[in-house]
Every structure is written in C-alpha cells, then in structure tokens.
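**Q** One structure follows; several queries about it will come next.
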Amino acid sequence: MNSLGPLPMRAVLVAVAAFLAWWLVRALARHLGGHADPSAPKRAGALFTDALLVGLLAARLGYVLRWWPEYAVAPWSILAIGDGGFLWWIGLPAALAFVGWRSAGQPRLRTPLLAGIAAGMLAWFALGATLALLQRSAPPLPDIAVVTLDGSPARLDASAGKPVVLNLWATWCPPCRREMPVFEDAVQAYPEVHFVLLNQGEDAATISNYLDREGLHLHAQVLLDLHSLAMPATNTRGLPTTLFFDADGHLVDTHMGELTRASLADTLRKRFGVRPATAPAPE
C-alpha cells in the first residue's frame with residue numbers, strides 16, 4: 001500500500017483524471033473545430049478548467065452543508081480541504097450546468113467539453129476502483145507491544161470484535177494537538193468504536209502533563225509506542241495519521257494529516273455504518 005495513504009492518493013487520482021479530461025477536451029476541440037477556429041482548443045481547455053473549479057466549489061459546499069453540525073462546532077475546519085470533504089454527485093451537475101451555460105450556441109466547444117468530463121469521470125471511477133483493490137492487501141492491525149500511561153503492558157489487538165480507530169500522534173506535533181478535541185468528542189459519541197491514540201516515542205510524563213494541561217479526558221485511550229514501531233508496521237511516514245480497522249483487524253481507510261469532526265464522522269459512517277450517539281457540544 002502506498003505510504004501516503006488513501007486520502008493523498010485520492011487527490012492524486014483526481015489530478016490525473018482532471019489532466020486526462022483536459023487533454024481530451026483540447027484534442028477533440030482541435031479535431032472538430034481547430035481548422036476553422038485555431039483558438040478553439042485553448043478556449044475549450046480554459047472553459048474546462050473553469051468548470052472544474054465550479055464543480056469542486058459546489059462539491060465542497062455540498063459536503064459542508066451535509067456535515068454542518070460537525071463544522072458548526074469548529075467553523076475554521078471548513079477551510080481544511082485536506083479532510084477530503086467533497087460530494088461528486090453535487091459537483092458534477094454544477095460543472096455540467098456551467099458548461100451548458102457558457103457553451104450555449106457553441107456546439108464545437110460543448111461536444112469536446114461533455115466528452116472530456118465523461119472521460120474524466122470514468123477515469124476517476126476506474127482509478128478509484130483500482131485503489132480499493134490495493135486497499136484489500138493493506139497490512140492488518142499491527143500486533144506490537146505497547147504500554148499504558150501507568151506503565152502496564154498492552155497490545156493493540158486487545159479490542160477484537162470492535163472497529164478500531166488508531167491515531168498515531170505526538171505532543172510536539174501541532175496538527176496532532178489540534179485534532180485531540182475531535183477524538184475526545186468521538187470517544188463519547190461512538191461507544192461501539194475503540195479509539196486508540198498511540199503516541200510515538202514519548203515518555204508517559206510528557207504525555208500525561210500535556211493531557212492534564214489541556215484538560216483532555218483521553219488518558220484511557222492513550223497507549224505508548226516507545227520505539228515508534230507502529231509507523232513502519234503501517235507504512236506511515238508522517239504524523240498525525242489515523243488508520244481505520246474493521247472488527248477483524250483489516251485496514252479499511254487511512255487519513256494522513258489533521259482530522260476534522262466532519263471527516264471523522266463521514267469515515268465512520270462509510271466504513272463502519274455508525275452514527276454518533278451524542279452530538280458534540282458547541283465550543
């Protein structure tokens with residue numbers, strides 16, 4: 001599995017599909033009208049780029065509205081587009097409507113644009129299906145020795161029968177610290193999911209002082225990976241990284257970077273079919 005994880009890989013897939021669509025739009029515009037209008041390929045490519053931006057904006061706004069209660073708790077997270085929060089089934093109609101409006105009366109532009117969008121969507125779905133197949137060969141929940149904050153030995157497989165959300169973090173990592181309140185709320189809202197905050201390479205005193213200073217009630221969820229064994233075991237290259245394992249210990253999703261409440265809730269619904277038992281209180 002790629003060490004960047006599914007979220008960055010999905011961004012790469014979108015970029016690849018968009019580039020293929022843009023290239024096809026220009027090629028078709030050149031073929032259909034390039035002789036009569038040499039500027040057609042350039043204008044078609046520019047219009048496709050505009051439609052892509054409109055579609056992405058609509059897809060993001062749709063996602064924010066879909067998960068507004070989670071975003072309302074921390075409005076700044078609306079800008080955190082790294083959470084992967086886009087709804088294609090809203091973005092696509094918006095892009096098509098924009099193309100229809102801007103290409104009115106210009107069939108030599110409309111045909112390449114619609115064909116390019118269709119090809120881009122097909123490429124995106126095909127690449128996404130390939131990524132899903134690769135996901136099935138991902139490493140399982142690592143069975144490594146860890147310790148609790150009080151020094152007792154523990155193992156990551158202790159919660160068999162429950163989905164596991166494994167967060168690799170450290171107190172020196174700013175995005176790790178910013179997402180801690182998200183996990184504090186999630187522990188209460190999703191009792192059917194086991195959350196493990198696996199600290200990488202720090203001692204118990206440092207971690208306990210940090211939790212106490214920030215008023216975080218996460219001591220029971222924190223385990224210590226003193227030698228950072230989980231990172232190579234899961235092909236993780238950066239912190240924070242959150243890994244989602246099903247009840248059988250199979251990796252089903254990965255998020256590299258800071259999690260927002262909306263992205264966590266969305267992933268838990270998609271991967272485990274769970275919804276919050278309680279709503280987080282506004283800050």
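All residue names refer to the structure tokens as shown: chains lettered A, B, ... in order, residues numbered from 1 in each chain, ligands numbered from 1 in order.
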Among range 92-196 of chain A, which residues carry a DSSP assignment of strand (DSSP E), reported as a list in words?

**A** Ala145, Val146, Val147, Thr148, Pro153, Ala154, Arg155, Val164, Val165, Leu166, Asn167, Leu168, Trp169, His194, Phe195 and Val196 of chain A

**Q** Set the distance at 6 Å and use only C-alpha atoms: which residues neighbour Pro140 in chain A once local chain neighbours fewer than 5 positions away are removed? I'd like the list as an MDAnalysis selection string.

**A** chainID A and resid 249:251

**Q** So, counting only C-alpha atoms, which residue among A:Ala170, A:Pro112, A:Ala123, A:Asp203 is closest to Leu226 in chain A?

**A**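 Result for the nearest residue to Leu226 in chain A: A:Asp203.
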
**Q** Which residue is closest to Gln200 in chain A? Choose from A:Glu179, A:Glu258, A:Asp225, A:Asp83 and count only C-alpha atoms.

**A** A:Asp225

**Q** Using only C-alpha atoms, which of the listed residues (A:Ala115, A:Leu96, A:Ala59, A:Val193) sits closest to Gly161 in chain A?

**A**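 Counting only C-alpha atoms, the residue closest to Gly161 in chain A is A:Val193.
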
**Q** Quick one: residues within 12 Å of Gly201 in chain A, only C-alpha atoms counted, chain neighbours fewer than 2 positions away excluded, as an MDAnalysis selection string?

**A** chainID A and resid 146:147 168:172 198:199 203:204 206:207 223:231 239

**Q** If you keep N, CA, C and O atoms, can you produce a file of those selected residues as a PDB file, in the first residue's frame?

**A**
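Written output follows (out-v9.pdb):
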```
ATOM      1  N   VAL A 146       2.897  -2.536  23.394  1.00  0.00           N
ATOM      2  CA  VAL A 146       2.836  -1.130  23.802  1.00  0.00           C
ATOM      3  C   VAL A 146       2.575  -1.089  25.305  1.00  0.00           C
ATOM      4  O   VAL A 146       2.377  -2.131  25.939  1.00  0.00           O
ATOM      5  N   VAL A 147       2.580   0.107  25.871  1.00  0.00           N
ATOM      6  CA  VAL A 147       2.320   0.244  27.306  1.00  0.00           C
ATOM      7  C   VAL A 147       1.299   1.335  27.543  1.00  0.00           C
ATOM      8  O   VAL A 147       1.134   2.240  26.718  1.00  0.00           O
ATOM      9  N   LEU A 168      -1.929   7.800  15.225  1.00  0.00           N
ATOM     10  CA  LEU A 168      -0.511   7.930  15.549  1.00  0.00           C
ATOM     11  C   LEU A 168      -0.211   9.414  15.716  1.00  0.00           C
ATOM     12  O   LEU A 168      -0.446  10.209  14.800  1.00  0.00           O
ATOM     13  N   TRP A 169       0.344   9.773  16.882  1.00  0.00           N
ATOM     14  CA  TRP A 169       0.478  11.184  17.209  1.00  0.00           C
ATOM     15  C   TRP A 169       1.656  11.427  18.129  1.00  0.00           C
ATOM     16  O   TRP A 169       2.295  10.486  18.622  1.00  0.00           O
ATOM     17  N   ALA A 170       1.935  12.710  18.406  1.00  0.00           N
ATOM     18  CA  ALA A 170       2.952  13.112  19.375  1.00  0.00           C
ATOM     19  C   ALA A 170       2.598  14.500  19.885  1.00  0.00           C
ATOM     20  O   ALA A 170       1.934  15.279  19.186  1.00  0.00           O
ATOM     21  N   THR A 171       3.033  14.819  21.080  1.00  0.00           N
ATOM     22  CA  THR A 171       2.676  16.111  21.673  1.00  0.00           C
ATOM     23  C   THR A 171       3.377  17.274  20.980  1.00  0.00           C
ATOM     24  O   THR A 171       2.914  18.413  21.064  1.00  0.00           O
ATOM     25  N   TRP A 172       4.497  17.029  20.294  1.00  0.00           N
ATOM     26  CA  TRP A 172       5.226  18.108  19.625  1.00  0.00           C
ATOM     27  C   TRP A 172       4.633  18.455  18.262  1.00  0.00           C
ATOM     28  O   TRP A 172       5.089  19.405  17.608  1.00  0.00           O
ATOM     29  N   LEU A 198      -2.154   6.282  19.824  1.00  0.00           N
ATOM     30  CA  LEU A 198      -0.860   5.634  20.025  1.00  0.00           C
ATOM     31  C   LEU A 198       0.261   6.657  19.868  1.00  0.00           C
ATOM     32  O   LEU A 198       0.646   7.020  18.748  1.00  0.00           O
ATOM     33  N   ASN A 199       0.788   7.101  20.993  1.00  0.00           N
ATOM     34  CA  ASN A 199       1.855   8.102  20.974  1.00  0.00           C
ATOM     35  C   ASN A 199       3.148   7.490  20.455  1.00  0.00           C
ATOM     36  O   ASN A 199       3.506   6.364  20.787  1.00  0.00           O
ATOM     37  N   ASP A 203       7.664   9.818  26.432  1.00  0.00           N
ATOM     38  CA  ASP A 203       7.506   9.139  27.717  1.00  0.00           C
ATOM     39  C   ASP A 203       6.169   9.513  28.353  1.00  0.00           C
ATOM     40  O   ASP A 203       5.506  10.484  27.973  1.00  0.00           O
ATOM     41  N   ALA A 204       5.786   8.726  29.356  1.00  0.00           N
ATOM     42  CA  ALA A 204       4.479   8.883  29.984  1.00  0.00           C
ATOM     43  C   ALA A 204       4.312  10.235  30.658  1.00  0.00           C
ATOM     44  O   ALA A 204       3.225  10.822  30.629  1.00  0.00           O
ATOM     45  N   THR A 206       5.632  13.165  29.880  1.00  0.00           N
ATOM     46  CA  THR A 206       5.385  14.207  28.878  1.00  0.00           C
ATOM     47  C   THR A 206       3.948  14.175  28.394  1.00  0.00           C
ATOM     48  O   THR A 206       3.283  15.211  28.268  1.00  0.00           O
ATOM     49  N   ILE A 207       3.444  12.973  28.140  1.00  0.00           N
ATOM     50  CA  ILE A 207       2.083  12.827  27.619  1.00  0.00           C
ATOM     51  C   ILE A 207       1.052  13.199  28.679  1.00  0.00           C
ATOM     52  O   ILE A 207       0.094  13.933  28.412  1.00  0.00           O
ATOM     53  N   LEU A 223      -2.015   5.012  24.427  1.00  0.00           N
ATOM     54  CA  LEU A 223      -1.004   3.979  24.613  1.00  0.00           C
ATOM     55  C   LEU A 223       0.326   4.520  24.114  1.00  0.00           C
ATOM     56  O   LEU A 223       0.365   5.413  23.267  1.00  0.00           O
ATOM     57  N   LEU A 224       1.406   3.966  24.628  1.00  0.00           N
ATOM     58  CA  LEU A 224       2.745   4.435  24.290  1.00  0.00           C
ATOM     59  C   LEU A 224       3.457   3.426  23.395  1.00  0.00           C
ATOM     60  O   LEU A 224       3.588   2.256  23.763  1.00  0.00           O
ATOM     61  N   ASP A 225       3.884   3.891  22.263  1.00  0.00           N
ATOM     62  CA  ASP A 225       4.727   3.113  21.357  1.00  0.00           C
ATOM     63  C   ASP A 225       6.123   3.722  21.480  1.00  0.00           C
ATOM     64  O   ASP A 225       6.519   4.585  20.699  1.00  0.00           O
ATOM     65  N   LEU A 226       6.861   3.266  22.485  1.00  0.00           N
ATOM     66  CA  LEU A 226       8.105   3.927  22.871  1.00  0.00           C
ATOM     67  C   LEU A 226       9.145   3.944  21.765  1.00  0.00           C
ATOM     68  O   LEU A 226       9.983   4.856  21.699  1.00  0.00           O
ATOM     69  N   HIS A 227       9.124   2.953  20.905  1.00  0.00           N
ATOM     70  CA  HIS A 227      10.128   2.865  19.836  1.00  0.00           C
ATOM     71  C   HIS A 227       9.528   3.130  18.456  1.00  0.00           C
ATOM     72  O   HIS A 227      10.172   2.819  17.437  1.00  0.00           O
ATOM     73  N   SER A 228       8.325   3.702  18.417  1.00  0.00           N
ATOM     74  CA  SER A 228       7.659   4.049  17.155  1.00  0.00           C
ATOM     75  C   SER A 228       7.606   2.872  16.191  1.00  0.00           C
ATOM     76  O   SER A 228       7.841   3.015  14.979  1.00  0.00           O
ATOM     77  N   LEU A 229       7.240   1.703  16.705  1.00  0.00           N
ATOM     78  CA  LEU A 229       7.178   0.510  15.859  1.00  0.00           C
ATOM     79  C   LEU A 229       5.967   0.523  14.930  1.00  0.00           C
ATOM     80  O   LEU A 229       5.979  -0.120  13.875  1.00  0.00           O
ATOM     81  N   ALA A 230       4.920   1.243  15.320  1.00  0.00           N
ATOM     82  CA  ALA A 230       3.697   1.239  14.524  1.00  0.00           C
ATOM     83  C   ALA A 230       3.878   1.930  13.179  1.00  0.00           C
ATOM     84  O   ALA A 230       3.211   1.576  12.202  1.00  0.00           O
ATOM     85  N   MET A 231       4.774   2.900  13.115  1.00  0.00           N
ATOM     86  CA  MET A 231       4.929   3.641  11.862  1.00  0.00           C
ATOM     87  C   MET A 231       5.455   2.753  10.734  1.00  0.00           C
ATOM     88  O   MET A 231       4.841   2.679   9.665  1.00  0.00           O
ATOM     89  N   LEU A 239       3.103  12.347  10.855  1.00  0.00           N
ATOM     90  CA  LEU A 239       2.129  12.500  11.927  1.00  0.00           C
ATOM     91  C   LEU A 239       1.361  13.802  11.722  1.00  0.00           C
ATOM     92  O   LEU A 239       1.920  14.794  11.239  1.00  0.00           O
TER      93      LEU A 239
END
```

**Q** Excluding Ala46 in chain A and residues on its chain fewer than 5 positions from it, collect all residues at most 10 Å away from it, counting only C-alpha atoms, and give them as a list in words.

**A**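 Listing them by chain and then by number gives Trp22, Val25, Arg26, Ala40, Pro41, Ala51 and Leu52 of chain A.
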
**Q** Give the answer as one residue: which of A:Ile81, A:Leu218, A:Val73, A:Leu264 has the shortest atom-to-atom distance to Leu243 in chain A, using only C-alpha atoms?

**A** A:Leu264

**Q** Can you list, as a list in words, every residue of range 215-246 of chain A that DSSP puts in helix (DSSP H, G or I)?

**A**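 Put together, the selection reads His219, Ala220, Gln221, Ala230, Met231, Pro232 and Ala233 of chain A.
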
**Q** Suppose you want the space between CA of Asp212 in chain A and CA of Arg178 in chain A; what is it in Å?

**A**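 Answer for the CA of Asp212 in chain A to CA of Arg178 in chain A separation: 15.3 Å.
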
**Q** Could you list, as a list in words, every residue within 7 Å of Gly120 in chain A, counting only C-alpha atoms and ignoring same-chain residues fewer than 6 positions away?

**A**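 So, after excluding close chain neighbours, the residues are Ala17, Ala18, Leu20 and Ala21 of chain A.
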
**Q** Can you tell me which residues surround Leu109 in chain A at a distance of at most 7 Å, considering only C-alpha atoms, apart from same-chain residues fewer than 3 positions away, and format the answer as a list of chain:residue names?

**A**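 Listed by chain and then number, they are A:Ala29, A:Ala44, A:Ser103, A:Gln106, A:Pro112, A:Leu113.
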
**Q** Suppose we keep N, CA and C atoms; can you now write the selection as a compact mmCIF listing (two decimals), in the first residue's frame?

**A**
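Final output, selection16.txt:
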```txt
# COMPACT_ATOMS: atom_id res chain seq x y z
N ALA A 29 -11.46 19.39 -29.38
CA ALA A 29 -11.74 20.73 -29.91
C ALA A 29 -10.86 21.02 -31.12
N ALA A 44 -11.55 25.91 -25.23
CA ALA A 44 -12.18 24.72 -24.64
C ALA A 44 -11.44 24.30 -23.37
N SER A 103 -21.31 27.41 -22.90
CA SER A 103 -21.11 26.94 -24.28
C SER A 103 -22.38 27.06 -25.12
N GLN A 106 -22.44 27.24 -28.97
CA GLN A 106 -21.10 26.87 -29.44
C GLN A 106 -20.95 25.34 -29.42
N PRO A 112 -16.74 18.64 -27.18
CA PRO A 112 -15.49 18.24 -26.52
C PRO A 112 -15.54 18.34 -25.00
N LEU A 113 -16.22 19.35 -24.48
CA LEU A 113 -16.31 19.53 -23.04
C LEU A 113 -17.08 18.39 -22.39
```

**Q** Would you mind telling me which residue in A:Leu216, A:Val165, A:Leu127, A:Ala233 lies nearest to Asp143 in chain A when using only C-alpha atoms?

**A**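 Of the candidates, the smallest distance to Asp143 in chain A is held by A:Ala233.
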
**Q** Counting only C-alpha atoms, what is within 9 Å of Phe98 in chain A, bar same-chain residues fewer than 6 positions away, as a list in words?

**A**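 Answer for this query is Asp50, Ala51, Val54 and Gly55 of chain A.
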
**Q** Between A:Ala126, A:Val16, A:Leu131, A:Ile117, which one has atoms that come closest to Val99 in chain A, using only C-alpha atoms?

**A**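 Looking at the shortest contact to Val99 in chain A, the residue is A:Ile117.
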